[in-house]
Amino acid sequence: MWWRRHNTHSDRQGRGRGQGSGEGRGRGNGRGHGKGRCHCRRNGNRGHTLKSCRCLEPVTIRRIDACIPCASRLRELGIIEGGAVMVLKHSDPLLILAQDSRIAIDLRTAAGIEIDPGADD
Amino acid sequence: MPIQIPPPANGSTNKGADTELRVAVVGNPNAGKTTLFNALTGLRQKVGNYPGVTVDRKEGAFTFGKTAFRLIDLPGAYSLTATSDDERIVRDMLLGLLGDESPGDIVLAVVDAANLDRELFIVTQILDLEIPTVVALTMNDLATGQGRRVDPKHLQQHLGIPVVEVVAPHNKGITDLKQALLDVAGQPAAAPPWSIGDKVLGAVDTLADELQKHHPGAANTRRQLAVQLLLYPDLEHPLMSLPGIADLATKLRGGLEGEGVEWRQAEAQGRYKWISEAAGGARDAARDYRPNLSDRVDQVLTHPVWGLVVFIAVMAVVFQSIFTWAGPLMDGIDSFFGWLGGLIEGAMPAGPLRGLIVDGVLAGVGGVLIFLPQILLLFLFIAILEDVGYMARAAFLMNRHMRRAGLHGRSFIPMLSGFACSIPGIMAARTIPDRRDKLVTMLVVPLISCSARLPVYALMIAAFIPALPIFGGFKHFTLQGVVLLTAYMISIAAAITMAFVFRKTLFRGETKPFLLELPSYKRPDWRTVLNAMWERGKLFVTQAGTIILAINIILWFLLTFPVDKAVTTEFSGQRTIAQANLSGTELTDRLAEIDSQESSALLRASFAGRLGRVIEPAIEPLGFDWRIGVGIIGSLAAREVFISTLAVIYGIGEEEDTPLVQKIQAEFGPLTGISIIIFFILSCQCLATVAVMRREAGGIKWALFLYGYMTILAYIASLVFYQAAIRIWPELI
């Protein structure tokens, strides 16, 4: 049953991750990313993103910007932190491969998906 | 709608004779649900609407052994955390939030083997609800061709529920599937052992306990609701308005963030971790990528140049079909009703009853059915393109261009259809997932110059624009052609401009991110395609058609009554004189002339004629008089009726020497003619379009808005043009 008490990836992430991320800044103040002000990093150097990575090279997703309106839907489609995706075509919209599915996403959304280029799980 | 906490999930325990079981058919878009639904139910289907939304509700039935199964084909959904009207229906049905409608006795989850991992996401959510469930595994033949065959027995072992491989287009596996549905009835599914994490679980349980205070429902359903309310704060959810829930959820999220827990990822990470084991190991799709046939075809079809070339070719075929190929069928329907009208006129004595039957009812029914060829052809092509998988590619190609105008990539086909007729164009907007994009598209499609406007343009251009060659002596390219082209360009520009304006005003807000799955290409299932075409046509006739018929009857009444006895007496006297003094062709010509003059006089005395005189002061600044006003009123039935109404008003009969062009040249000037063109470009002179808008937009409000804004737009444009033109070129008045 899913409500059984197991340690999971997300639990382990909570114990040490979030350095420099929007969630990290939000830590301790009780404010979330629901409705209201967004504390994510929107400006400045966010490192590699899906928008800028090379075609046909598998990459691992490091972080999905919480300010992307469709962030939860991306995860439901299998584009999740720690998961592998691949850009199939650099176009507008971008065409990516995730969980055997070909999915087109707009460039703004792609720019909000940070990746670890060439890193393994 | 009142908020309800769902009752406990139920399952019928009676598998015996004479049982009826209700089955909800669920699955991702493009998984093959409709094809399977059609294979199970055959023609025993009916289509309606869910209350309050323009989402099709499709029900069907079949009998297996002594058990009757009633199927509900739910819209495609990626997840129970709904982001569209379609998905909200699925969520509300399965979680028991859809009024009196229960989740059903059994869920039939349709899963595409070629996209197994992603398709299992919603299946795990359904299993959490512990409703008896069967998985129908589709497209395993496609997956096999790609080297990714799914073993149904392995999947069945992990999911703990029956998994039946089906090939619906060939009716393979259907009997086994029916047996599995019968076997599973009354046996709740076991929720899969995926984990959301201890800390998130604690927060979910706290929220679920709070939900219980409002209504003691099934624990599993409450937990599912608690997950949605806690982890997806931006989604519209009917339970968020329950007292204390929103605040508690915010507080719990804050607590999780305070402990550094990535709560947003919790559900997806937990489910996919379990799914990757159930789906046959940790095979990494991205790292094991090999281009398949669909990828190779997409090299061309999504290419920025070649893809566009193919797209234009496909659209040309669609356009040609609804503009030209539908023509003979439409002419056939027109001829049939003309013949039938003549038959009835010959069989019945002249009078109001004959007028009502021929000019009211028959003309109205004919006026509805004449749209059918275009609607059926358009939806045949849409269904084929959708089933094959090309529609997603079209949206992919066009999205960038359409977005500049504030429209969706899928808006292209409705707008293209508008060149033939607005009605199928508005209906085609159903394929647009976002409601705002859909409404904007439906509101601007009628601005596209449809084929019914062409006779009006043609008449005014013939009367007032000289056929001067544009390029030297090349007589085939004239000023008349340029003016006609300009009329079409104005209509396109108006549509794009109004789409932009609507996006900035009435439908403002950040543009939804573009997120679209490109399904694998496959052969179309003709049963599904023809069924979709048929259902769309049937819906038009039964729902919009009744309103169009009523409007036609009302307009007939306004154009016919009251009958001025003094007019009929006067012209009756003229007939008597003519019959006494003339003979042969002279008598025939004179009688035809008297008929035309009498029709004109009767029209002037009718309610429509009086209305035309009432509105004359308002339309005079546009260069129109009461006769053009009557023509505008008549054209509410159909734009081309403007021509026939003018012919009647000016007493133009079949034998009349002066054609209509010369008559209107004598009656008003070129500036009025151009003002008429501008008015017809921008106005919604077609109540049939308004009737369809009412149905497709889900209410009278947007239908009235459509008519209102277009009338105002047309009025202002004609006014500005005419008032400026009479000052610049007073000699052309």
# chains A, B, ... in the order shown; residues from 1 in each chain; ligands from 1
call {"tool": "interface_residues", "arguments": {"of": "chain B", "to": "chain A", "cutoff": "7 Å", "atoms": "only C-alpha atoms", "output": "PyMOL selection string"}}
result
chain B and resi 115+117-118+191-198+201+233-234+253-255+257-262+265-266+268-269+285-287+396+400+513-518
call {"tool": "select_by_dssp", "arguments": {"residues": "segment 19-137 of chain B", "states": "helix (DSSP H, G or I)", "output": "PyMOL selection string"}}
result
chain B and resi 33-41+85-94+113-128
call {"tool": "write_last_selection", "arguments": {"atoms": "N, CA and C atoms", "output": "short mmCIF file (atom, residue, chain, number, x, y, z; two decimals), in the first residue's frame"}}
result
data_model
loop_
_atom_site.label_atom_id
_atom_site.label_comp_id
_atom_site.auth_asym_id
_atom_site.auth_seq_id
_atom_site.Cartn_x
_atom_site.Cartn_y
_atom_site.Cartn_z
N LYS B 33 -8.83 3.71 -26.25
CA LYS B 33 -10.08 3.51 -25.48
C LYS B 33 -11.30 3.46 -26.37
N THR B 34 -11.41 4.44 -27.26
CA THR B 34 -12.62 4.54 -28.08
C THR B 34 -12.72 3.35 -29.03
N THR B 35 -11.59 2.95 -29.58
CA THR B 35 -11.59 1.78 -30.48
C THR B 35 -12.07 0.55 -29.71
N LEU B 36 -11.56 0.37 -28.50
CA LEU B 36 -11.97 -0.77 -27.68
C LEU B 36 -13.43 -0.66 -27.28
N PHE B 37 -13.83 0.55 -26.90
CA PHE B 37 -15.23 0.80 -26.53
C PHE B 37 -16.16 0.43 -27.69
N ASN B 38 -15.78 0.84 -28.89
CA ASN B 38 -16.60 0.51 -30.07
C ASN B 38 -16.62 -0.99 -30.32
N ALA B 39 -15.48 -1.64 -30.11
CA ALA B 39 -15.42 -3.09 -30.32
C ALA B 39 -16.31 -3.82 -29.31
N LEU B 40 -16.37 -3.32 -28.09
CA LEU B 40 -17.17 -3.98 -27.05
C LEU B 40 -18.66 -3.72 -27.24
N THR B 41 -19.00 -2.50 -27.63
CA THR B 41 -20.42 -2.13 -27.64
C THR B 41 -21.06 -2.15 -29.02
N ASP B 85 -11.10 20.18 -18.41
CA ASP B 85 -12.49 19.75 -18.19
C ASP B 85 -12.63 18.23 -18.35
N ASP B 86 -11.96 17.71 -19.37
CA ASP B 86 -12.02 16.26 -19.63
C ASP B 86 -11.52 15.47 -18.43
N GLU B 87 -10.37 15.86 -17.93
CA GLU B 87 -9.77 15.11 -16.80
C GLU B 87 -10.57 15.32 -15.52
N ARG B 88 -11.18 16.47 -15.38
CA ARG B 88 -11.99 16.71 -14.18
C ARG B 88 -13.18 15.75 -14.15
N ILE B 89 -13.73 15.46 -15.32
CA ILE B 89 -14.84 14.50 -15.38
C ILE B 89 -14.36 13.13 -14.89
N VAL B 90 -13.19 12.72 -15.34
CA VAL B 90 -12.65 11.41 -14.94
C VAL B 90 -12.41 11.40 -13.43
N ARG B 91 -11.75 12.45 -12.94
CA ARG B 91 -11.47 12.54 -11.50
C ARG B 91 -12.77 12.49 -10.70
N ASP B 92 -13.72 13.35 -11.07
CA ASP B 92 -14.95 13.45 -10.29
C ASP B 92 -15.77 12.16 -10.35
N MET B 93 -15.73 11.49 -11.50
CA MET B 93 -16.46 10.22 -11.61
C MET B 93 -15.85 9.18 -10.70
N LEU B 94 -14.54 8.99 -10.78
CA LEU B 94 -13.90 7.91 -10.03
C LEU B 94 -13.83 8.19 -8.54
N ALA B 113 0.60 -0.48 -24.66
CA ALA B 113 1.85 -1.19 -24.34
C ALA B 113 3.08 -0.43 -24.83
N ALA B 114 2.92 0.36 -25.86
CA ALA B 114 4.08 1.07 -26.41
C ALA B 114 4.52 2.24 -25.51
N ASN B 115 3.68 2.62 -24.56
CA ASN B 115 4.02 3.70 -23.62
C ASN B 115 3.70 3.24 -22.20
N LEU B 116 4.13 2.02 -21.89
CA LEU B 116 3.64 1.33 -20.70
C LEU B 116 3.86 2.10 -19.41
N ASP B 117 5.09 2.54 -19.17
CA ASP B 117 5.41 3.15 -17.89
C ASP B 117 4.49 4.34 -17.60
N ARG B 118 4.40 5.21 -18.59
CA ARG B 118 3.61 6.42 -18.38
C ARG B 118 2.13 6.08 -18.22
N GLU B 119 1.67 5.10 -18.97
CA GLU B 119 0.24 4.74 -18.94
C GLU B 119 -0.14 4.12 -17.60
N LEU B 120 0.84 3.50 -16.94
CA LEU B 120 0.53 2.85 -15.65
C LEU B 120 0.37 3.85 -14.51
N PHE B 121 0.73 5.12 -14.73
CA PHE B 121 0.63 6.13 -13.66
C PHE B 121 -0.80 6.23 -13.18
N ILE B 122 -1.72 6.43 -14.10
CA ILE B 122 -3.13 6.56 -13.71
C ILE B 122 -3.67 5.23 -13.21
N VAL B 123 -3.13 4.13 -13.71
CA VAL B 123 -3.61 2.82 -13.25
C VAL B 123 -3.29 2.65 -11.76
N THR B 124 -2.11 3.07 -11.35
CA THR B 124 -1.77 2.96 -9.91
C THR B 124 -2.69 3.84 -9.08
N GLN B 125 -3.08 4.99 -9.61
CA GLN B 125 -4.01 5.85 -8.87
C GLN B 125 -5.38 5.17 -8.74
N ILE B 126 -5.80 4.49 -9.80
CA ILE B 126 -7.09 3.79 -9.77
C ILE B 126 -7.03 2.61 -8.80
N LEU B 127 -5.91 1.90 -8.82
CA LEU B 127 -5.78 0.75 -7.92
C LEU B 127 -5.83 1.19 -6.46
N ASP B 128 -5.30 2.39 -6.18
CA ASP B 128 -5.37 2.91 -4.81
C ASP B 128 -6.81 3.04 -4.32
#
call {"tool": "residues_around", "arguments": {"residues": "segment 525-536 of chain B", "least_positions_apart": "6", "cutoff": "8 Å", "atoms": "only C-alpha atoms", "output": "list of chain:residue names"}}
result
B:Thr34, B:Thr35, B:Asn38, B:Val47, B:Pro169, B:Ile375, B:Leu376, B:Leu377, B:Phe379, B:Leu380, B:Ala383, B:Ile384, B:Asp387
call {"tool": "write_last_selection", "arguments": {"atoms": "C-alpha atoms", "output": "short mmCIF file (atom, residue, chain, number, x, y, z; two decimals), in the first residue's frame"}}
result
data_model
loop_
_atom_site.label_atom_id
_atom_site.label_comp_id
_atom_site.auth_asym_id
_atom_site.auth_seq_id
_atom_site.Cartn_x
_atom_site.Cartn_y
_atom_site.Cartn_z
CA THR B 34 -12.62 4.54 -28.08
CA THR B 35 -11.59 1.78 -30.48
CA ASN B 38 -16.60 0.51 -30.07
CA VAL B 47 -23.70 10.28 -26.84
CA PRO B 169 -9.60 -3.31 -34.57
CA ILE B 375 -19.84 18.69 -41.36
CA LEU B 376 -19.57 14.97 -42.15
CA LEU B 377 -16.63 15.44 -44.51
CA PHE B 379 -15.18 15.40 -39.21
CA LEU B 380 -14.29 12.41 -41.33
CA ALA B 383 -11.18 11.69 -37.22
CA ILE B 384 -8.75 10.13 -39.72
CA ASP B 387 -6.62 8.37 -35.34
#
call {"tool": "residues_around", "arguments": {"residues": "Val55 of chain B", "least_positions_apart": "4", "cutoff": "12 Å", "atoms": "only C-alpha atoms", "output": "JSON, numbers by chain"}}
result
{"B": [47, 48, 49, 50, 51, 73, 74, 75, 76, 84, 85, 86, 87, 88, 89, 90, 430, 431, 432, 433, 435, 695, 696, 697, 698]}
call {"tool": "select_by_dssp", "arguments": {"residues": "segment 55-118 of chain A", "states": "strand (DSSP E or B)", "output": "list in words"}}
result
Cys55, Val59, Thr60, Ile61, Arg62, Arg63, Ile64, Ala84, Val85, Met86, Val87, Leu88, Lys89, Leu94, Leu95, Ile96, Leu97, Ala98, Ser101, Arg102, Ile103, Ala104, Ile105, Ile113, Glu114, Ile115, Asp116 and Pro117 of chain A
call {"tool": "write_last_selection", "arguments": {"atoms": "C-alpha atoms", "output": "mmCIF file, in the first residue's frame"}}
result
data_model
loop_
_atom_site.group_PDB
_atom_site.id
_atom_site.type_symbol
_atom_site.label_atom_id
_atom_site.label_comp_id
_atom_site.auth_asym_id
_atom_site.auth_seq_id
_atom_site.Cartn_x
_atom_site.Cartn_y
_atom_site.Cartn_z
ATOM 1 C CA CYS A 55 20.114 16.380 -29.231
ATOM 2 C CA VAL A 59 20.503 13.535 -19.684
ATOM 3 C CA THR A 60 19.330 13.283 -16.092
ATOM 4 C CA ILE A 61 16.886 15.793 -14.710
ATOM 5 C CA ARG A 62 18.211 17.549 -11.674
ATOM 6 C CA ARG A 63 15.380 19.913 -10.896
ATOM 7 C CA ILE A 64 12.097 21.177 -12.307
ATOM 8 C CA ALA A 84 16.504 10.342 -17.793
ATOM 9 C CA VAL A 85 15.185 12.166 -20.841
ATOM 10 C CA MET A 86 16.553 12.933 -24.260
ATOM 11 C CA VAL A 87 15.975 15.843 -26.605
ATOM 12 C CA LEU A 88 14.992 14.406 -29.972
ATOM 13 C CA LYS A 89 14.630 17.664 -31.847
ATOM 14 C CA LEU A 94 11.089 21.149 -28.192
ATOM 15 C CA LEU A 95 10.586 17.430 -28.797
ATOM 16 C CA ILE A 96 11.817 15.121 -26.038
ATOM 17 C CA LEU A 97 11.743 11.429 -25.222
ATOM 18 C CA ALA A 98 10.590 10.514 -21.724
ATOM 19 C CA SER A 101 6.826 8.823 -25.032
ATOM 20 C CA ARG A 102 7.549 11.622 -27.443
ATOM 21 C CA ILE A 103 6.479 14.855 -25.820
ATOM 22 C CA ALA A 104 6.544 18.380 -27.198
ATOM 23 C CA ILE A 105 7.120 21.151 -24.664
ATOM 24 C CA ILE A 113 14.077 22.029 -16.394
ATOM 25 C CA GLU A 114 17.619 21.767 -15.078
ATOM 26 C CA ILE A 115 19.720 18.800 -16.072
ATOM 27 C CA ASP A 116 22.953 17.068 -15.177
ATOM 28 C CA PRO A 117 24.428 16.593 -18.618
#
